[in-house]
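Listing of my_file-v5.txt; format and content: compact mmCIF, C-alpha atoms and all ligand atoms.
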# COMPACT_ATOMS: atom_id res chain seq x y z
CA MET G 1308 103.06 109.38 87.06
CA LYS G 1309 104.14 106.04 85.55
CA ILE G 1310 102.41 103.28 87.49
CA SER G 1311 103.37 99.66 87.87
CA PHE G 1312 102.15 96.59 89.74
CA PRO G 1313 103.23 92.99 90.20
CA HIS G 1314 102.29 90.01 88.04
CA MET G 1315 99.98 87.19 89.04
CA GLY G 1316 98.79 85.25 86.01
CA ASN G 1317 96.70 87.57 83.82
CA LEU G 1318 96.27 90.27 86.47
CA HIS G 1319 98.41 92.75 84.49
CA ILE G 1320 95.84 92.75 81.64
CA ILE G 1321 93.08 93.79 84.04
CA LEU G 1322 95.01 96.46 85.92
CA SER G 1323 96.59 97.94 82.76
CA SER G 1324 93.23 98.48 81.10
CA ALA G 1325 91.71 100.07 84.21
CA ILE G 1326 94.63 102.52 84.47
CA ARG G 1327 94.63 103.23 80.72
CA ILE G 1328 90.89 104.01 80.77
CA LEU G 1329 91.57 106.52 83.54
CA GLY G 1330 94.29 108.16 81.46
CA GLY G 1331 97.22 106.86 83.53
CA GLU G 1332 100.55 105.65 82.18
CA VAL G 1333 101.38 102.00 82.83
CA ILE G 1334 104.72 100.25 83.07
CA VAL G 1335 104.12 96.50 82.94
CA PRO G 1336 107.17 94.77 84.44
CA PRO G 1337 108.73 92.00 82.33
CA TYR G 1338 106.83 88.77 82.89
CA ASN G 1339 108.11 86.61 85.77
CA SER G 1340 111.36 84.88 84.88
CA LYS G 1341 114.49 83.47 86.50
CA THR G 1342 115.88 87.03 86.56
CA THR G 1343 112.79 88.29 88.45
CA LEU G 1344 113.05 85.46 90.94
CA SER G 1345 116.76 85.90 91.45
CA LEU G 1346 116.35 89.67 92.04
CA GLY G 1347 113.59 88.97 94.56
CA THR G 1348 115.43 86.12 96.29
CA ARG G 1349 118.64 88.13 96.63
CA ASN G 1350 116.81 90.90 98.47
CA SER G 1351 114.40 88.85 100.60
CA PRO G 1352 114.71 86.98 103.89
CA GLU G 1353 115.68 83.42 102.99
CA ALA G 1354 112.62 81.72 104.48
CA VAL G 1355 109.96 84.05 103.11
CA CYS G 1356 107.40 82.50 100.75
CA LEU G 1357 107.85 82.34 96.96
CA PRO G 1358 105.12 84.89 96.01
CA TYR G 1359 106.87 87.58 98.07
CA LYS G 1360 110.17 86.99 96.25
CA LEU G 1361 108.51 87.23 92.85
CA LEU G 1362 106.58 90.36 93.81
CA LEU G 1363 109.74 92.05 95.03
CA GLY G 1364 111.53 91.05 91.80
CA ASN G 1365 108.62 92.58 89.82
CA TYR G 1366 108.89 95.84 91.75
CA ILE G 1367 112.63 96.10 91.14
CA GLN G 1368 112.26 95.39 87.42
CA ALA G 1369 109.38 97.86 87.13
CA ILE G 1370 111.37 100.62 88.84
CA GLU G 1371 114.39 99.92 86.62
CA ALA G 1372 112.02 100.24 83.62
CA GLY G 1373 110.93 103.70 84.77
CA ALA G 1374 107.99 103.20 87.15
CA GLU G 1375 107.44 106.14 89.49
CA ALA G 1376 104.72 104.57 91.62
CA ILE G 1377 103.83 101.02 92.57
CA LEU G 1378 100.42 99.62 93.38
CA MET G 1379 100.55 97.26 96.34
CA LEU G 1380 98.02 95.22 98.22
CA ASP G 1381 97.61 95.37 101.99
CA SER G 1382 95.40 92.44 102.68
CA PRO G 1383 93.90 91.26 105.92
CA GLY G 1384 95.59 88.01 106.66
CA ILE G 1385 96.80 85.85 109.46
CA CYS G 1386 99.80 84.78 107.38
CA ARG G 1387 102.67 86.82 105.91
CA LEU G 1388 100.40 88.41 103.31
CA GLY G 1389 99.53 91.07 105.88
CA GLN G 1390 103.24 92.02 105.96
CA TYR G 1391 103.97 91.91 102.24
CA SER G 1392 103.62 95.61 101.43
CA ALA G 1393 105.44 96.86 104.55
CA SER G 1394 108.35 94.41 104.05
CA SER G 1395 108.72 95.02 100.33
CA ARG G 1396 108.51 98.78 100.85
CA ASN G 1397 111.35 98.56 103.39
CA ALA G 1398 113.40 96.40 101.04
CA LEU G 1399 112.99 98.90 98.18
CA ILE G 1400 113.88 101.86 100.42
CA ASP G 1401 116.98 99.96 101.62
CA LEU G 1402 117.93 99.43 97.99
CA GLY G 1403 117.82 103.22 97.54
CA TYR G 1404 114.73 103.50 95.31
CA ASP G 1405 112.75 106.69 95.68
CA ILE G 1406 109.23 105.96 94.46
CA GLU G 1407 105.65 106.35 95.61
CA PHE G 1408 103.84 103.36 97.10
CA ILE G 1409 100.09 103.27 96.58
CA ASN G 1410 98.56 100.69 98.88
CA PHE G 1411 95.16 99.14 98.32
CA ASP G 1412 94.33 98.58 101.94
CA LEU G 1413 91.70 95.85 101.94
CA TYR G 1414 91.32 96.27 105.69
CA GLN G 1415 89.33 99.37 104.65
CA GLY G 1416 86.03 99.31 102.70
CA LYS G 1417 87.01 97.68 99.40
CA LEU G 1418 85.10 99.80 96.85
CA LYS G 1419 85.94 103.08 98.62
CA GLU G 1420 89.58 102.05 98.78
CA ILE G 1421 89.69 101.12 95.09
CA TYR G 1422 88.14 104.51 94.19
CA LYS G 1423 90.63 106.44 96.36
CA LYS G 1424 93.71 104.61 95.16
CA PHE G 1425 92.88 104.63 91.46
CA LYS G 1426 92.23 108.35 91.81
CA ARG G 1427 95.64 108.80 93.41
CA ALA G 1428 97.39 106.66 90.79
CA THR G 1429 95.87 108.34 87.74
CA ASN G 1430 94.94 111.78 89.02
CA ASN G 1431 91.47 111.18 87.60
CA GLY G 1432 88.69 111.50 90.17
CA ASN G 1433 85.86 111.53 87.65
CA PRO G 1434 83.41 108.98 89.10
CA ILE G 1435 82.02 108.14 85.65
CA ASP G 1436 85.50 107.24 84.35
CA LEU G 1437 86.15 105.24 87.51
CA VAL G 1438 82.92 103.28 87.13
CA ARG G 1439 83.83 102.59 83.46
CA ALA G 1440 87.32 101.43 84.44
CA ILE G 1441 86.04 99.16 87.20
CA LYS G 1442 83.32 97.78 84.94
CA VAL G 1443 85.82 96.88 82.19
CA ALA G 1444 88.20 95.39 84.79
CA LEU G 1445 85.42 93.18 86.20
CA ILE G 1446 84.34 92.06 82.72
CA LYS G 1447 87.94 91.22 81.85
CA ILE G 1448 88.37 89.16 85.02
CA ASP G 1449 85.34 87.10 83.99
CA ILE G 1450 86.24 86.65 80.34
CA LEU G 1451 89.88 85.79 81.05
CA ASP G 1452 88.74 83.04 83.42
CA GLN G 1453 86.26 81.89 80.79
CA LEU G 1454 89.04 81.73 78.19
CA ASP G 1455 91.38 79.85 80.56
CA HIS G 1456 88.70 77.24 81.23
CA ALA G 1457 88.12 76.80 77.49
CA LEU G 1458 91.89 76.47 76.97
CA ALA G 1459 92.01 73.63 79.51
CA TYR G 1460 89.40 71.73 77.47
CA TYR G 1461 91.27 72.15 74.17
CA ARG G 1462 94.74 71.50 75.61
CA ALA G 1463 93.69 68.08 76.89
CA ARG G 1464 92.24 67.05 73.53
CA GLU G 1465 94.36 68.86 70.91
CA ILE G 1466 95.85 66.72 68.14
CA HIS G 1467 98.96 68.88 67.66
CA ILE G 1468 100.60 69.76 70.99
CA GLY G 1469 100.80 73.53 71.43
CA SER G 1470 98.11 74.46 68.90
CA ALA G 1471 95.59 75.50 71.59
CA ASP G 1472 98.20 77.72 73.25
CA SER G 1473 99.01 79.55 70.04
CA LYS G 1474 95.30 80.31 69.41
CA TYR G 1475 94.93 81.32 73.07
CA LYS G 1476 97.70 83.92 72.67
CA LYS G 1477 95.74 85.56 69.82
CA GLY G 1478 92.66 85.71 72.03
CA ILE G 1479 94.63 87.20 74.91
CA LYS G 1480 95.98 89.94 72.61
CA ALA G 1481 92.40 90.86 71.59
CA ILE G 1482 91.28 91.00 75.24
CA GLU G 1483 94.30 93.11 76.14
CA ASN G 1484 93.36 95.71 73.52
CA ALA G 1485 89.66 95.95 74.48
CA LEU G 1486 88.80 99.09 76.43
CA THR G 1487 84.99 99.10 76.47
CA PRO G 1488 82.41 96.46 77.50
CA ARG G 1489 81.41 96.08 73.84
CA GLU G 1490 85.05 95.56 72.77
CA CYS G 1491 85.45 93.03 75.60
CA ARG G 1492 82.43 91.08 74.34
CA SER G 1493 83.82 91.04 70.76
CA ALA G 1494 87.25 90.05 72.07
CA ILE G 1495 86.01 87.00 74.01
CA LYS G 1496 83.85 85.95 71.05
CA TYR G 1497 86.92 86.16 68.80
CA ALA G 1498 89.13 84.38 71.37
CA LEU G 1499 86.70 81.46 71.77
CA GLU G 1500 86.30 81.21 67.99
CA GLN G 1501 90.08 80.98 67.65
CA LEU G 1502 90.18 78.10 70.16
CA SER G 1503 87.34 76.33 68.38
CA LEU G 1504 89.61 76.13 65.29
CA VAL G 1505 92.04 73.84 67.16
CA PRO G 1506 91.84 70.30 65.75
CA ILE G 1507 90.89 67.99 68.63
CA ASP G 1508 90.11 64.37 69.30
CA ALA G 1509 86.73 64.82 71.01
CA ASN G 1510 86.59 61.11 71.96
CA LYS G 1511 90.00 61.01 73.62
CA GLU G 1512 90.12 59.38 77.04
CA VAL G 1513 90.98 62.39 79.20
CA LEU G 1514 91.52 62.56 82.92
CA HIS G 1515 89.99 65.29 85.08
CA VAL G 1516 92.25 66.83 87.69
CA ASP G 1517 91.40 69.70 90.06
CA ILE G 1518 94.11 72.18 90.97
CA THR G 1519 93.90 73.98 94.27
CA GLY G 1520 96.24 75.52 96.84
CA GLU G 1521 97.69 78.96 97.52
CA ILE G 1522 96.16 81.38 95.02
CA PHE G 1523 99.36 83.00 93.72
CA VAL G 1524 101.05 79.74 92.77
CA VAL G 1525 97.80 78.33 91.42
CA LEU G 1526 97.30 81.31 89.10
CA ASP G 1527 100.82 82.18 88.05
CA PRO G 1528 102.30 79.94 85.29
CA PHE G 1529 105.91 80.87 86.08
CA ALA G 1530 105.49 80.11 89.80
CA ASN G 1531 103.81 76.77 89.07
CA LEU G 1532 106.19 75.76 86.26
CA GLU G 1533 103.33 75.88 83.76
CA ILE G 1534 101.58 72.97 85.42
CA GLU G 1535 98.34 73.38 83.45
CA LYS G 1536 100.24 73.23 80.15
CA GLU G 1537 102.22 70.18 81.23
CA LEU G 1538 99.10 68.34 82.38
CA GLY G 1539 97.30 69.26 79.15
CA ARG G 1540 100.20 67.68 77.23
CA LEU G 1541 99.58 64.49 79.25
CA GLY G 1542 95.90 64.44 78.26
CA VAL G 1543 94.56 65.93 81.49
CA HIS G 1544 91.64 68.35 81.55
CA VAL G 1545 92.59 70.72 84.36
CA HIS G 1546 89.91 72.31 86.53
CA ARG G 1547 91.49 75.27 88.29
CA LYS G 1548 89.51 75.77 91.47
CA LEU G 1549 90.83 79.22 92.41
CA ASN G 1550 90.13 82.04 89.99
CA LEU G 1551 90.23 85.82 90.15
CA SER G 1552 86.53 86.01 89.27
CA ASP G 1553 85.69 84.03 92.43
CA TRP G 1554 87.63 86.57 94.46
CA THR G 1555 85.80 89.54 92.93
CA LYS G 1556 82.41 87.87 93.40
CA SER G 1557 83.01 87.17 97.07
CA SER G 1558 84.95 90.34 97.92
CA LEU G 1559 83.31 93.11 95.92
CA ILE G 1560 79.67 92.05 95.62
CA PRO G 1561 77.73 92.41 98.91
CA SER G 1562 76.35 89.07 100.09
CA ILE G 1563 72.68 90.19 99.82
CA LEU G 1564 73.20 90.81 96.09
CA ARG G 1565 74.72 87.38 95.49
CA PHE G 1566 72.26 84.74 94.39
CA ASN G 1567 74.60 81.78 94.12
CA GLU G 1568 77.02 80.27 96.57
CA THR G 1569 80.56 81.55 95.87
CA HIS G 1570 83.50 79.21 95.52
CA GLY G 1571 84.80 80.35 98.93
CA GLU G 1572 81.45 79.67 100.65
CA LYS G 1573 81.19 76.24 99.07
CA ALA G 1574 84.77 75.35 99.98
CA LYS G 1575 84.15 76.48 103.55
CA ARG G 1576 81.04 74.27 103.76
CA TYR G 1577 82.97 71.20 102.55
CA ALA G 1578 86.03 71.99 104.70
CA LYS G 1579 83.97 72.29 107.89
CA ALA G 1580 84.43 68.65 108.87
CA TYR G 1581 88.21 69.14 108.89
CA LEU G 1582 88.86 72.80 109.70
CA LYS G 1583 86.50 75.15 111.48
CA ARG G 1584 88.24 78.51 111.27
CA ASP G 1585 90.30 80.60 108.92
CA ILE G 1586 94.01 79.93 109.41
CA GLY G 1587 95.12 82.35 106.70
CA GLY G 1588 95.91 82.16 103.00
CA ASP G 1589 93.73 79.73 101.05
CA ALA G 1590 93.92 76.75 103.41
CA ILE G 1591 90.13 76.47 103.79
CA GLU G 1592 89.72 76.53 100.00
CA SER G 1593 92.36 73.82 99.55
CA ILE G 1594 90.68 71.51 102.05
CA GLY G 1595 87.16 72.31 100.80
CA ASP G 1596 88.17 71.72 97.17
CA ALA G 1597 89.76 68.39 98.05
CA ALA G 1598 86.71 67.30 100.07
CA LEU G 1599 84.42 68.34 97.22
CA ALA G 1600 86.48 66.40 94.70
CA GLY G 1601 85.19 63.21 96.31
CA SER G 1602 81.73 63.96 94.93
CA ASN G 1603 82.44 65.72 91.63
CA ASN G 1604 84.01 62.89 89.61
CA SER G 1605 87.56 64.25 89.70
CA ASP G 1606 90.21 61.65 88.99
CA GLY G 1607 92.71 63.42 91.24
CA ILE G 1608 93.70 66.65 92.94
CA ILE G 1609 96.92 68.58 92.79
CA HIS G 1610 97.59 70.83 95.74
CA LEU G 1611 100.15 73.59 95.11
CA LEU G 1612 101.90 75.34 97.97
CA PRO G 1613 104.85 77.68 98.27
CA PHE G 1614 107.73 76.49 100.44
CA THR G 1615 107.31 77.79 104.04
CA CYS G 1616 103.65 78.74 103.48
CA MET G 1617 102.24 78.07 106.95
CA PRO G 1618 98.50 77.87 106.09
CA GLU G 1619 99.13 75.41 103.26
CA ILE G 1620 101.53 73.29 105.32
CA ILE G 1621 98.64 72.82 107.75
CA SER G 1622 96.20 72.02 104.95
CA GLN G 1623 98.72 69.57 103.43
CA ASN G 1624 98.61 67.60 106.68
CA ILE G 1625 94.82 67.70 106.86
CA LEU G 1626 94.60 66.52 103.24
CA THR G 1627 95.86 63.10 104.37
CA ASN G 1628 92.53 62.62 106.18
CA VAL G 1629 90.54 63.99 103.24
CA LYS G 1630 92.33 61.52 100.96
CA MET G 1631 91.43 58.58 103.23
CA ASN G 1632 87.78 59.61 103.59
CA ASN G 1633 87.17 60.41 99.93
CA ASP G 1634 89.42 57.88 98.24
CA VAL G 1635 90.71 60.46 95.75
CA PRO G 1636 94.43 60.64 94.92
CA ILE G 1637 96.02 63.91 96.05
CA LEU G 1638 99.46 65.15 95.06
CA SER G 1639 100.90 68.07 97.05
CA ILE G 1640 103.71 69.96 95.33
CA VAL G 1641 105.86 72.42 97.25
CA LEU G 1642 107.17 75.20 95.02
CA ASP G 1643 110.28 77.28 95.57
CA GLU G 1644 113.20 78.73 93.65
CA GLN G 1645 115.07 75.39 93.85
CA MET G 1646 112.42 73.46 91.94
CA GLY G 1647 113.72 71.99 88.66
CA LYS G 1648 111.48 71.45 85.66
CA ALA G 1649 112.68 67.91 84.88
CA GLY G 1650 111.97 66.50 88.36
CA PHE G 1651 108.67 68.37 88.47
CA ASN G 1652 107.51 66.87 85.15
CA THR G 1653 108.54 63.39 86.27
CA ARG G 1654 106.33 63.72 89.36
CA LEU G 1655 103.41 64.88 87.23
CA GLU G 1656 103.86 61.99 84.78
CA ALA G 1657 103.97 59.46 87.64
CA PHE G 1658 100.80 60.94 89.18
CA VAL G 1659 98.95 60.95 85.86
CA ASP G 1660 100.02 57.34 85.26
CA LEU G 1661 98.70 56.36 88.67
CA ILE G 1662 95.31 58.02 88.26
CA ARG G 1663 94.94 56.66 84.72
CA ARG G 1664 95.53 53.07 85.92
CA ARG G 1665 93.19 53.64 88.87
CA LYS G 1666 90.44 54.97 86.62
CA ARG G 1667 90.73 52.02 84.22
CA LYS G 1668 90.62 49.59 87.12
CA ILE G 1669 87.47 51.19 88.54
CA ALA G 1670 85.74 51.36 85.09
S1 LIG G 1701 99.27 82.20 101.97
FE1 LIG G 1701 101.32 81.32 102.21
S2 LIG G 1701 102.44 82.00 100.39
FE2 LIG G 1701 100.63 83.28 100.53
S3 LIG G 1701 101.34 85.03 101.72
FE3 LIG G 1701 100.49 83.62 103.20
S4 LIG G 1701 102.27 82.43 103.89
FE4 LIG G 1701 102.88 83.44 102.01
Taking this structure as input, can you express it in the form of structure tokens?
Amino acid sequence: MKISFPHMGNLHIILSSAIRILGGEVIVPPYNSKTTLSLGTRNSPEAVCLPYKLLLGNYIQAIEAGAEAILMLDSPGICRLGQYSASSRNALIDLGYDIEFINFDLYQGKLKEIYKKFKRATNNGNPIDLVRAIKVALIKIDILDQLDHALAYYRAREIHIGSADSKYKKGIKAIENALTPRECRSAIKYALEQLSLVPIDANKEVLHVDITGEIFVVLDPFANLEIEKELGRLGVHVHRKLNLSDWTKSSLIPSILRFNETHGEKAKRYAKAYLKRDIGGDAIESIGDAALAGSNNSDGIIHLLPFTCMPEIISQNILTNVKMNNDVPILSIVLDEQMGKAGFNTRLEAFVDLIRRRKRKIA
């Protein structure tokens, strides 16, 4: 069975290796593009959120490329996320596609569900292979986040624009090819060495900006119009507050085995003064990250939200209070298929200008 799954940042690297270790055949859909978005938009309800449209576009492109089964996520959620797999399944059936849907139902026990569904997708129920696949996937989640954080440092300080990205691509290739923990360790060592070759101005006056918001648009460079790259070009060291490794730590590791506070727990603690209960999506994280930014020397916060995303619309309104209490500039950017790159970059440049002048005035 040829298996596929949607994109979300570097997620395809993690899932592909897990399936390959188990002996399954993977079809990675073309990376998100205008074609993906237009396929998704054409077949989605108009007001549905951007991640859904991109996911549906991924599924269509994967099926057209020969996928026979699709991995989907059924996640507990108060927002539309809980409906994603059922709605996209209906849309694909209406389009006449005859494929198998393999749902990771996170309403069920997570580890048991991962075991069951990987077994179904690859026809390999050998627990030793499954443990190996999960172990490599978890290592890759960690090292990819590590590499992204290193990239943010070099991007903000590189002397030749784009040089950090070209070294990063070499590192990503090495991580993609690694299929054992030892190969993963060599790959991250190689990737970080590549980045260290980038000529930088270590004394450059850089700004520190936190990025938070809805996880899909925070992690996916196509959905967020490559915001991290654009900010790096403007001399901003980006601190991405939502990462896949945070999700695995809080979702897969039982709380009694966790020795440090997870990002989600910390965000919840800081958000408590503004929001006391989960309202879906990543709203608590957005508010907590913004509240925390008041005490972690950030020069500003960028809050990313998909158009019509209810939880983030609520957090966007609460952020006005956070901004007043913490005296930290916050820019909320609503993302949808109408967003143009030129206007987006102009807003980023204006924000960076503002926080640079503010920082110089305070210094
Ligand atoms: S958090 Fe927002 S964008 Fe994400 S699924 Fe829920 S409503 Fe859609």
So how far away is atom CA of G:Leu1361 from atom CA of G:Ile1385, in Å? 20.4 Å
Calculate how many Å separate atom CA of G:Ala1457 from atom CA of G:Leu1514, rounding to one decimal. 15.6 Å
Can I get the residues close to ligand LIG 1701 (chain G) as a VMD selection string, where close means within 7 Å and we count only C-alpha atoms and all ligand atoms? chain G and resid 1356 to 1359 1386 to 1388 1521 1523 1587 to 1589 1613 1615 to 1619
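In this structure, atom CA of G:Tyr1577 sits 18.1 Å away from atom CA of G:Asp1606.
With all atoms listed in the file taken into account, the protein and nucleic acid residues at most 10 Å from G:Ala1509 (excluding it and anything under 4 positions from it in its own chain) are Tyr1460, Tyr1461, Ala1463, Arg1464, Glu1465, Ile1466 and Val1513 of chain G.
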Save the residues we just selected, C-alpha atoms, as a PDB file, in the frame of the given file?
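Just written: part.pdb:
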ATOM      1  CA  TYR G1460      89.400  71.730  77.470  1.00  0.00           C
ATOM      2  CA  TYR G1461      91.270  72.150  74.170  1.00  0.00           C
ATOM      3  CA  ALA G1463      93.690  68.080  76.890  1.00  0.00           C
ATOM      4  CA  ARG G1464      92.240  67.050  73.530  1.00  0.00           C
ATOM      5  CA  GLU G1465      94.360  68.860  70.910  1.00  0.00           C
ATOM      6  CA  ILE G1466      95.850  66.720  68.140  1.00  0.00           C
ATOM      7  CA  VAL G1513      90.980  62.390  79.200  1.00  0.00           C
TER       8      VAL G1513
END
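Checking G:Arg1492, G:Ser1503, G:His1456, G:Arg1462 one by one against G:Lys1548, counting only C-alpha atoms, you find the shortest gap at G:His1456.
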Just need the box for stretch 1606-1622 of chain G, edges along x, y and z, holding every atom the file lists for it with 8 Å tacked onto each side, so centre and edge lengths in Å to one decimal, as JSON.
{"center_x": 99.0, "center_y": 70.2, "center_z": 98.4, "size_x": 33.5, "size_y": 33.1, "size_z": 34.8}
Taking (97.0, 89.1, 89.3) in the coordinates of the supplied file, I want to know which residues reach to within 12 Å of it, counting only C-alpha atoms; could you give the answer as an MDAnalysis selection string? chainID G and resid 1312:1323 1338:1339 1358 1362 1378:1380 1444 1447:1448 1451:1452 1522:1528 1550:1552 1554:1555
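Nearest to G:Ala1398 of all the residues G:Leu1346, G:Ala1376, G:Leu1418, G:Ile1482 is G:Leu1346, counting all atoms listed in the file.
For G:Phe1658, the set of protein, DNA and RNA residues having any atom at most 9 Å away, when counting only C-alpha atoms and skipping those fewer than 4 positions along the same chain, is Gly1607, Pro1636, Ile1637, Leu1638, Thr1653, Arg1654, Ile1662 and Arg1663 of chain G.
The nearest approach to G:Arg1427 among the residues G:Gly1478, G:Pro1337, G:Gly1331, G:Gly1469, with all atoms listed in the file taken into account, belongs to G:Gly1331.
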With all atoms listed in the file as the atoms that count, which of G:Ile1507, G:Ala1580, G:Ile1640, G:Leu1661 lies nearest to G:Ile1594? G:Ala1580
So which one's closest to G:Leu1532, G:Lys1648, G:Arg1327, G:Lys1666, G:Lys1360? Using only C-alpha atoms, please. G:Lys1648
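Residue nearest G:Ile1479, chosen from G:Ala1374, G:Cys1491, G:Ala1597, G:Met1308 and counting all atoms listed in the file: G:Cys1491.
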Would you kindly return, as a PyMOL selection string, each protein, DNA or RNA residue with an atom no farther than 8 Å from any atom of G:Gly1330, considering all atoms listed in the file and excluding same-chain residues fewer than 4 positions away? chain G and resi 1326+1429+1431
